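Enquirer: This is upload-v9.tsv (TSV, N, CA and C atoms).
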chain	number	residue	atom	x	y	z
H	4	MET	N	2.41	-218.51	-206.54
H	4	MET	CA	2.85	-217.16	-206.86
H	4	MET	C	3.64	-216.57	-205.69
H	5	ILE	N	3.20	-216.84	-204.48
H	5	ILE	CA	3.88	-216.27	-203.31
H	5	ILE	C	5.30	-216.83	-203.22
H	6	ALA	N	5.43	-218.14	-203.37
H	6	ALA	CA	6.76	-218.76	-203.32
H	6	ALA	C	7.62	-218.24	-204.47
H	7	SER	N	7.02	-218.04	-205.62
H	7	SER	CA	7.76	-217.52	-206.78
H	7	SER	C	8.25	-216.10	-206.53
H	8	LEU	N	7.45	-215.30	-205.85
H	8	LEU	CA	7.88	-213.94	-205.53
H	8	LEU	C	9.12	-213.95	-204.64
H	9	PHE	N	9.13	-214.83	-203.65
H	9	PHE	CA	10.31	-214.95	-202.80
H	9	PHE	C	11.51	-215.46	-203.62
H	10	ASP	N	11.26	-216.44	-204.46
H	10	ASP	CA	12.29	-217.00	-205.33
H	10	ASP	C	12.92	-215.89	-206.16
H	11	TYR	N	12.09	-215.11	-206.83
H	11	TYR	CA	12.59	-214.03	-207.69
H	11	TYR	C	13.27	-212.93	-206.89
H	12	ALA	N	12.72	-212.58	-205.74
H	12	ALA	CA	13.32	-211.54	-204.91
H	12	ALA	C	14.73	-211.93	-204.47
H	13	VAL	N	14.88	-213.17	-204.05
H	13	VAL	CA	16.20	-213.65	-203.64
H	13	VAL	C	17.15	-213.66	-204.83
H	14	THR	N	16.68	-214.15	-205.97
H	14	THR	CA	17.53	-214.22	-207.17
H	14	THR	C	17.99	-212.83	-207.58
H	15	ILE	N	17.06	-211.92	-207.71
H	15	ILE	CA	17.40	-210.57	-208.18
H	15	ILE	C	18.28	-209.85	-207.16
H	16	ALA	N	17.97	-209.97	-205.88
H	16	ALA	CA	18.80	-209.34	-204.85
H	16	ALA	C	20.22	-209.90	-204.87
H	17	ALA	N	20.35	-211.21	-205.04
H	17	ALA	CA	21.68	-211.83	-205.07
H	17	ALA	C	22.49	-211.34	-206.26
H	18	VAL	N	21.86	-211.19	-207.41
H	18	VAL	CA	22.56	-210.71	-208.60
H	18	VAL	C	22.88	-209.22	-208.47
H	19	PHE	N	21.87	-208.45	-208.12
H	19	PHE	CA	21.99	-206.99	-208.13
H	19	PHE	C	22.84	-206.45	-206.98
H	20	PHE	N	22.57	-206.93	-205.78
H	20	PHE	CA	23.26	-206.37	-204.60
H	20	PHE	C	24.53	-207.12	-204.21
H	21	LEU	N	24.55	-208.43	-204.45
H	21	LEU	CA	25.69	-209.23	-204.02
H	21	LEU	C	26.61	-209.64	-205.16
H	22	ASP	N	26.22	-209.28	-206.40
H	22	ASP	CA	27.01	-209.58	-207.59
H	22	ASP	C	27.32	-211.08	-207.73
H	23	ILE	N	26.32	-211.91	-207.40
H	23	ILE	CA	26.45	-213.36	-207.53
H	23	ILE	C	26.05	-213.75	-208.95
H	24	HIS	N	26.70	-214.75	-209.50
H	24	HIS	CA	26.39	-215.21	-210.86
H	24	HIS	C	24.91	-215.57	-210.92
H	25	PRO	N	24.22	-215.24	-212.02
H	25	PRO	CA	22.77	-215.49	-212.12
H	25	PRO	C	22.35	-216.94	-211.91
H	26	VAL	N	23.13	-217.90	-212.37
H	26	VAL	CA	22.75	-219.30	-212.17
H	26	VAL	C	22.82	-219.67	-210.69
H	27	THR	N	23.86	-219.24	-210.01
H	27	THR	CA	23.99	-219.49	-208.57
H	27	THR	C	22.89	-218.77	-207.80
H	28	ALA	N	22.60	-217.55	-208.19
H	28	ALA	CA	21.53	-216.78	-207.55
H	28	ALA	C	20.18	-217.46	-207.75
H	29	ALA	N	19.97	-218.02	-208.95
H	29	ALA	CA	18.71	-218.71	-209.23
H	29	ALA	C	18.56	-219.95	-208.36
H	30	VAL	N	19.65	-220.65	-208.11
H	30	VAL	CA	19.61	-221.82	-207.23
H	30	VAL	C	19.24	-221.38	-205.81
H	31	ALA	N	19.83	-220.30	-205.32
H	31	ALA	CA	19.50	-219.79	-203.99
H	31	ALA	C	18.03	-219.40	-203.92
H	32	GLY	N	17.54	-218.76	-204.96
H	32	GLY	CA	16.13	-218.38	-205.01
H	32	GLY	C	15.23	-219.60	-205.01
H	33	THR	N	15.62	-220.63	-205.75
H	33	THR	CA	14.84	-221.86	-205.82
H	33	THR	C	14.76	-222.54	-204.45
H	34	VAL	N	15.84	-222.52	-203.70
H	34	VAL	CA	15.85	-223.10	-202.36
H	34	VAL	C	14.86	-222.36	-201.46
H	35	CYS	N	14.93	-221.04	-201.44
H	35	CYS	CA	14.01	-220.25	-200.60
H	35	CYS	C	12.57	-220.45	-201.03
H	36	GLY	N	12.34	-220.39	-202.32
H	36	GLY	CA	10.99	-220.60	-202.83
H	36	GLY	C	10.46	-221.98	-202.54
H	37	GLY	N	11.34	-222.98	-202.55
H	37	GLY	CA	10.94	-224.36	-202.29
H	37	GLY	C	10.41	-224.57	-200.88
H	38	VAL	N	11.06	-223.97	-199.91
H	38	VAL	CA	10.60	-224.10	-198.52
H	38	VAL	C	9.22	-223.47	-198.37
H	39	ILE	N	9.06	-222.28	-198.91
H	39	ILE	CA	7.77	-221.59	-198.84
H	39	ILE	C	6.70	-222.37	-199.60
H	40	ASN	N	7.06	-222.89	-200.76
H	40	ASN	CA	6.11	-223.64	-201.58
H	40	ASN	C	5.60	-224.90	-200.86
H	41	PHE	N	6.49	-225.60	-200.17
H	41	PHE	CA	6.06	-226.79	-199.43
H	41	PHE	C	5.04	-226.42	-198.36
H	42	LEU	N	5.34	-225.40	-197.59
H	42	LEU	CA	4.44	-225.00	-196.52
H	42	LEU	C	3.09	-224.53	-197.06
H	43	LEU	N	3.12	-223.75	-198.13
H	43	LEU	CA	1.87	-223.29	-198.73
H	43	LEU	C	1.09	-224.44	-199.35
H	44	GLY	N	1.79	-225.38	-199.97
H	44	GLY	CA	1.13	-226.54	-200.57
H	44	GLY	C	0.45	-227.40	-199.53
H	45	ARG	N	1.13	-227.65	-198.45
H	45	ARG	CA	0.60	-228.52	-197.39
H	45	ARG	C	-0.59	-227.89	-196.68
H	46	TYR	N	-0.46	-226.63	-196.33
H	46	TYR	CA	-1.48	-226.01	-195.48
H	46	TYR	C	-2.54	-225.21	-196.22
H	47	TRP	N	-2.26	-224.81	-197.46
H	47	TRP	CA	-3.20	-223.91	-198.13
H	47	TRP	C	-3.68	-224.44	-199.47
H	48	ALA	N	-2.78	-224.68	-200.41
H	48	ALA	CA	-3.18	-225.05	-201.77
H	48	ALA	C	-3.86	-226.42	-201.82
H	49	PHE	N	-3.23	-227.43	-201.22
H	49	PHE	CA	-3.78	-228.78	-201.27
H	49	PHE	C	-4.45	-229.19	-199.96
H	50	LYS	N	-4.26	-228.39	-198.92
H	50	LYS	CA	-4.87	-228.63	-197.60
H	50	LYS	C	-4.77	-230.09	-197.17
H	51	GLU	N	-3.59	-230.62	-197.28
H	51	GLU	CA	-3.38	-232.03	-196.97
H	51	GLU	C	-2.52	-232.15	-195.72
H	52	THR	N	-3.16	-231.97	-194.58
H	52	THR	CA	-2.44	-232.06	-193.31
H	52	THR	C	-2.72	-233.36	-192.57
H	53	SER	N	-3.54	-234.23	-193.16
H	53	SER	CA	-3.83	-235.50	-192.48
H	53	SER	C	-2.67	-236.48	-192.62
H	54	ALA	N	-1.90	-236.35	-193.68
H	54	ALA	CA	-0.75	-237.23	-193.88
H	54	ALA	C	0.43	-236.73	-193.04
H	55	SER	N	1.37	-237.60	-192.82
H	55	SER	CA	2.57	-237.25	-192.06
H	55	SER	C	3.35	-236.15	-192.78
H	56	SER	N	3.71	-235.10	-192.03
H	56	SER	CA	4.49	-234.03	-192.64
H	56	SER	C	5.88	-234.53	-193.04
H	57	THR	N	6.42	-235.48	-192.29
H	57	THR	CA	7.73	-236.05	-192.62
H	57	THR	C	7.66	-236.79	-193.95
H	58	GLN	N	6.62	-237.59	-194.13
H	58	GLN	CA	6.45	-238.33	-195.38
H	58	GLN	C	6.28	-237.36	-196.55
H	59	GLN	N	5.45	-236.35	-196.36
H	59	GLN	CA	5.26	-235.36	-197.42
H	59	GLN	C	6.55	-234.61	-197.70
H	60	ALA	N	7.29	-234.28	-196.68
H	60	ALA	CA	8.56	-233.56	-196.86
H	60	ALA	C	9.55	-234.39	-197.65
H	61	ARG	N	9.60	-235.69	-197.39
H	61	ARG	CA	10.50	-236.57	-198.15
H	61	ARG	C	10.11	-236.61	-199.63
H	62	LYS	N	8.81	-236.77	-199.88
H	62	LYS	CA	8.34	-236.77	-201.27
H	62	LYS	C	8.60	-235.42	-201.92
H	63	TYR	N	8.31	-234.36	-201.19
H	63	TYR	CA	8.52	-233.02	-201.74
H	63	TYR	C	10.00	-232.82	-202.08
H	64	PHE	N	10.89	-233.28	-201.20
H	64	PHE	CA	12.32	-233.12	-201.44
H	64	PHE	C	12.74	-233.81	-202.73
H	65	LEU	N	12.21	-234.99	-202.99
H	65	LEU	CA	12.53	-235.69	-204.24
H	65	LEU	C	12.06	-234.88	-205.45
H	66	VAL	N	10.83	-234.42	-205.39
H	66	VAL	CA	10.28	-233.62	-206.50
H	66	VAL	C	11.05	-232.30	-206.61
H	67	TRP	N	11.31	-231.68	-205.49
H	67	TRP	CA	12.00	-230.39	-205.48
H	67	TRP	C	13.43	-230.51	-206.02
H	68	THR	N	14.09	-231.62	-205.74
H	68	THR	CA	15.45	-231.82	-206.28
H	68	THR	C	15.41	-231.84	-207.80
H	69	GLY	N	14.43	-232.54	-208.36
H	69	GLY	CA	14.26	-232.51	-209.82
H	69	GLY	C	13.95	-231.12	-210.31
H	70	ASN	N	13.12	-230.39	-209.58
H	70	ASN	CA	12.80	-229.01	-209.92
H	70	ASN	C	14.06	-228.15	-209.93
H	71	LEU	N	14.88	-228.29	-208.91
H	71	LEU	CA	16.12	-227.52	-208.81
H	71	LEU	C	17.03	-227.80	-210.00
H	72	LEU	N	17.19	-229.07	-210.32
H	72	LEU	CA	18.05	-229.45	-211.45
H	72	LEU	C	17.50	-228.92	-212.78
H	73	LEU	N	16.20	-229.05	-212.98
H	73	LEU	CA	15.60	-228.55	-214.21
H	73	LEU	C	15.72	-227.04	-214.32
H	74	ASN	N	15.49	-226.33	-213.22
H	74	ASN	CA	15.61	-224.88	-213.24
H	74	ASN	C	17.06	-224.43	-213.46
H	75	ALA	N	17.99	-225.08	-212.79
H	75	ALA	CA	19.41	-224.72	-212.95
H	75	ALA	C	19.87	-224.98	-214.39
H	76	CYS	N	19.48	-226.12	-214.94
H	76	CYS	CA	19.86	-226.44	-216.33
H	76	CYS	C	19.21	-225.47	-217.31
H	77	GLY	N	17.95	-225.15	-217.08
H	77	GLY	CA	17.27	-224.19	-217.95
H	77	GLY	C	17.92	-222.83	-217.89
H	78	MET	N	18.25	-222.38	-216.68
H	78	MET	CA	18.93	-221.09	-216.53
H	78	MET	C	20.28	-221.11	-217.23
H	79	TYR	N	21.01	-222.19	-217.04
H	79	TYR	CA	22.33	-222.30	-217.66
H	79	TYR	C	22.23	-222.25	-219.18
H	80	LEU	N	21.34	-223.05	-219.73
H	80	LEU	CA	21.19	-223.09	-221.19
H	80	LEU	C	20.74	-221.75	-221.76
H	81	LEU	N	19.77	-221.14	-221.11
H	81	LEU	CA	19.24	-219.89	-221.65
H	81	LEU	C	20.17	-218.70	-221.44
H	82	THR	N	20.89	-218.65	-220.31
H	82	THR	CA	21.78	-217.51	-220.08
H	82	THR	C	23.13	-217.68	-220.75
H	83	ILE	N	23.67	-218.87	-220.75
H	83	ILE	CA	25.01	-219.08	-221.31
H	83	ILE	C	24.97	-219.30	-222.81
H	84	TYR	N	24.11	-220.20	-223.27
H	84	TYR	CA	24.10	-220.54	-224.69
H	84	TYR	C	23.20	-219.65	-225.55
H	85	MET	N	22.15	-219.13	-224.94
H	85	MET	CA	21.23	-218.30	-225.73
H	85	MET	C	21.38	-216.82	-225.38
H	86	ASP	N	22.26	-216.51	-224.43
H	86	ASP	CA	22.56	-215.14	-224.02
H	86	ASP	C	21.30	-214.36	-223.64
H	87	MET	N	20.36	-215.06	-223.00
H	87	MET	CA	19.13	-214.42	-222.56
H	87	MET	C	19.37	-213.74	-221.22
H	88	HIS	N	18.73	-212.61	-220.98
H	88	HIS	CA	18.83	-211.93	-219.69
H	88	HIS	C	18.37	-212.89	-218.60
H	89	TYR	N	19.06	-212.85	-217.46
H	89	TYR	CA	18.78	-213.83	-216.41
H	89	TYR	C	17.35	-213.79	-215.92
H	90	ALA	N	16.73	-212.62	-215.85
H	90	ALA	CA	15.35	-212.55	-215.36
H	90	ALA	C	14.39	-213.20	-216.34
H	91	ALA	N	14.59	-212.97	-217.63
H	91	ALA	CA	13.75	-213.60	-218.65
H	91	ALA	C	13.99	-215.10	-218.69
H	92	ALA	N	15.23	-215.51	-218.53
H	92	ALA	CA	15.56	-216.94	-218.52
H	92	ALA	C	14.92	-217.63	-217.32
H	93	LYS	N	14.95	-216.99	-216.18
H	93	LYS	CA	14.36	-217.57	-214.98
H	93	LYS	C	12.85	-217.69	-215.13
H	94	LEU	N	12.21	-216.66	-215.66
H	94	LEU	CA	10.77	-216.69	-215.85
H	94	LEU	C	10.37	-217.78	-216.85
H	95	THR	N	11.07	-217.85	-217.97
H	95	THR	CA	10.78	-218.86	-218.99
H	95	THR	C	10.94	-220.26	-218.43
H	96	THR	N	12.05	-220.50	-217.77
H	96	THR	CA	12.32	-221.81	-217.18
H	96	THR	C	11.30	-222.15	-216.11
H	97	ALA	N	11.01	-221.21	-215.24
H	97	ALA	CA	10.10	-221.45	-214.13
H	97	ALA	C	8.70	-221.81	-214.60
H	98	VAL	N	8.21	-221.13	-215.62
H	98	VAL	CA	6.86	-221.42	-216.12
H	98	VAL	C	6.80	-222.82	-216.71
H	99	ILE	N	7.78	-223.16	-217.52
H	99	ILE	CA	7.79	-224.48	-218.15
H	99	ILE	C	7.88	-225.58	-217.10
H	100	VAL	N	8.79	-225.43	-216.15
H	100	VAL	CA	8.98	-226.45	-215.11
H	100	VAL	C	7.75	-226.53	-214.21
H	101	ALA	N	7.16	-225.40	-213.88
H	101	ALA	CA	5.98	-225.40	-212.99
H	101	ALA	C	4.81	-226.14	-213.62
H	102	VAL	N	4.55	-225.87	-214.88
H	102	VAL	CA	3.38	-226.46	-215.54
H	102	VAL	C	3.61	-227.93	-215.89
H	103	ALA	N	4.77	-228.24	-216.41
H	103	ALA	CA	5.03	-229.59	-216.92
H	103	ALA	C	5.52	-230.56	-215.85
H	104	TYR	N	6.07	-230.06	-214.76
H	104	TYR	CA	6.71	-230.94	-213.79
H	104	TYR	C	6.16	-230.76	-212.37
H	105	ASN	N	6.29	-229.54	-211.82
H	105	ASN	CA	5.96	-229.31	-210.41
H	105	ASN	C	4.51	-229.58	-210.05
H	106	TYR	N	3.61	-228.89	-210.69
H	106	TYR	CA	2.21	-229.00	-210.30
H	106	TYR	C	1.69	-230.44	-210.39
H	107	PRO	N	1.90	-231.12	-211.51
H	107	PRO	CA	1.39	-232.50	-211.57
H	107	PRO	C	1.97	-233.41	-210.49
H	108	LEU	N	3.26	-233.29	-210.22
H	108	LEU	CA	3.87	-234.16	-209.21
H	108	LEU	C	3.46	-233.79	-207.80
H	109	GLN	N	3.33	-232.52	-207.52
H	109	GLN	CA	2.89	-232.12	-206.18
H	109	GLN	C	1.44	-232.53	-205.94
H	110	LYS	N	0.60	-232.31	-206.93
H	110	LYS	CA	-0.81	-232.64	-206.78
H	110	LYS	C	-1.03	-234.15	-206.62
H	111	ASN	N	-0.37	-234.92	-207.45
H	111	ASN	CA	-0.64	-236.36	-207.49
H	111	ASN	C	0.29	-237.22	-206.62
H	112	TYR	N	1.49	-236.76	-206.36
H	112	TYR	CA	2.45	-237.58	-205.63
H	112	TYR	C	2.69	-237.05	-204.21
H	113	VAL	N	3.08	-235.80	-204.09
H	113	VAL	CA	3.44	-235.26	-202.78
H	113	VAL	C	2.20	-235.09	-201.89
H	114	PHE	N	1.21	-234.38	-202.40
H	114	PHE	CA	0.04	-234.06	-201.59
H	114	PHE	C	-1.20	-234.85	-201.98
H	115	GLY	N	-1.04	-235.80	-202.89
H	115	GLY	CA	-2.16	-236.63	-203.29
H	115	GLY	C	-2.54	-237.61	-202.21
H	116	GLU	N	-3.59	-238.34	-202.45
H	116	GLU	CA	-4.01	-239.34	-201.46
H	116	GLU	C	-2.93	-240.39	-201.32
H	117	ASN	N	-2.61	-240.68	-200.08
H	117	ASN	CA	-1.49	-241.60	-199.81
H	117	ASN	C	-1.94	-243.01	-199.79
If you convert what's in this file into structure tokens, what do you get?
Expert:
Amino acid sequence: MIASLFDYAVTIAAVFFLDIHPVTAAVAGTVCGGVINFLLGRYWAFKETSASSTQQARKYFLVWTGNLLLNACGMYLLTIYMDMHYAAAKLTTAVIVAVAYNYPLQKNYVFGEN
């Protein structure tokens, strides 16, 4: 939730204050949220600090790249083709990707037993 708050804050600020296209703003938000999410996952959620942080970061980057692509595609489809408001599109996409993709891969692959 904390990483998502940063993600959304960056996205909304980029659209509202900087007049950046919502899909581009969502990518920027995803990048910021991703860094925070890795740190929170390693030190707090999964408490997996015994493994190499470099190894975890490499795994996280692979998973996060898929996350970024899924979120960008979801935002694009929902905002461009379905004419959904960018905030609703981001929320819809984020929930689906988080439940179906992020959590299982982070729990079992990135921060799971090595």
Enquirer: Excluding stretch 26-37 of chain H and residues on its chain fewer than 3 positions from it, collect all residues at most 6.5 Å away from it, counting only N, CA and C atoms, and give them as a list in words.
Expert: Ala6, Ser7, Phe9, Asp10, Tyr11, Val13, Thr14, Ile15, Ala17, Val18, Ile23, Asn40, Phe41, Leu42, Ala75, Met78 and Tyr79 of chain H
Enquirer: By how many Å are atom CA of H:Gly115 and atom CA of H:Trp67 apart?
Expert: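 About the pair atom CA of H:Gly115 and atom CA of H:Trp67: they are 15.6 Å apart.
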Enquirer: Just give me the gap between atom CA of H:Cys76 and atom CA of H:Phe20 in Å, one decimal is fine.
Expert: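 Spanning atom CA of H:Cys76 to atom CA of H:Phe20 is a straight-line distance of 23.5 Å.
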Enquirer: Show me as a ChimeraX atom specification the residues that reach within 10 Å of (14.7, -231.0, -215.2), counting only C-alpha atoms and using the file's own coordinates.
Expert: /H:68-77,96,99-100,103-104
Enquirer: Between atom CA of H:Asp22 and atom CA of H:Met85, what is the spacing in Å?
Expert: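 Between these atoms lies a distance of 20.9 Å.
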Enquirer: Could you list, as a short mmCIF file (atom, residue, chain, number, x, y, z; two decimals) with N, CA and C atoms, in the coordinates of the input, every residue within 7 Å of H:Phe114, counting only C-alpha atoms and ignoring same-chain residues fewer than 5 positions away?
Expert:
data_model
loop_
_atom_site.label_atom_id
_atom_site.label_comp_id
_atom_site.auth_asym_id
_atom_site.auth_seq_id
_atom_site.Cartn_x
_atom_site.Cartn_y
_atom_site.Cartn_z
N ARG H 45 1.13 -227.65 -198.45
CA ARG H 45 0.60 -228.52 -197.39
C ARG H 45 -0.59 -227.89 -196.68
N PHE H 49 -3.23 -227.43 -201.22
CA PHE H 49 -3.78 -228.78 -201.27
C PHE H 49 -4.45 -229.19 -199.96
N GLU H 51 -3.59 -230.62 -197.28
CA GLU H 51 -3.38 -232.03 -196.97
C GLU H 51 -2.52 -232.15 -195.72
N GLN H 59 5.45 -236.35 -196.36
CA GLN H 59 5.26 -235.36 -197.42
C GLN H 59 6.55 -234.61 -197.70
N GLN H 109 3.33 -232.52 -207.52
CA GLN H 109 2.89 -232.12 -206.18
C GLN H 109 1.44 -232.53 -205.94
#
Enquirer: Would you kindly return, as a PyMOL selection string, each protein, DNA or RNA residue with an atom no farther than 8 Å from any atom of stretch 110-113 of chain H, considering all atoms listed in the file and excluding same-chain residues fewer than 6 positions away?
Expert: chain H and resi 49+58-64+66+104
Enquirer: Based on the backbone DSSP call, show me all residues of chain H assigned alpha helix (DSSP H), as an MDAnalysis selection string.
Expert: chainID H and resid 5:19 25:43 56:79 89:100 106:108
Enquirer: Quick one: axis-aligned box around all listed atoms of stretch 100-109 of chain H, 3 Å on every side, centre and edge lengths in Å to one decimal, written as JSON.
Expert:
{"center_x": 5.2, "center_y": -229.8, "center_z": -211.4, "size_x": 13.6, "size_y": 14.8, "size_z": 17.0}
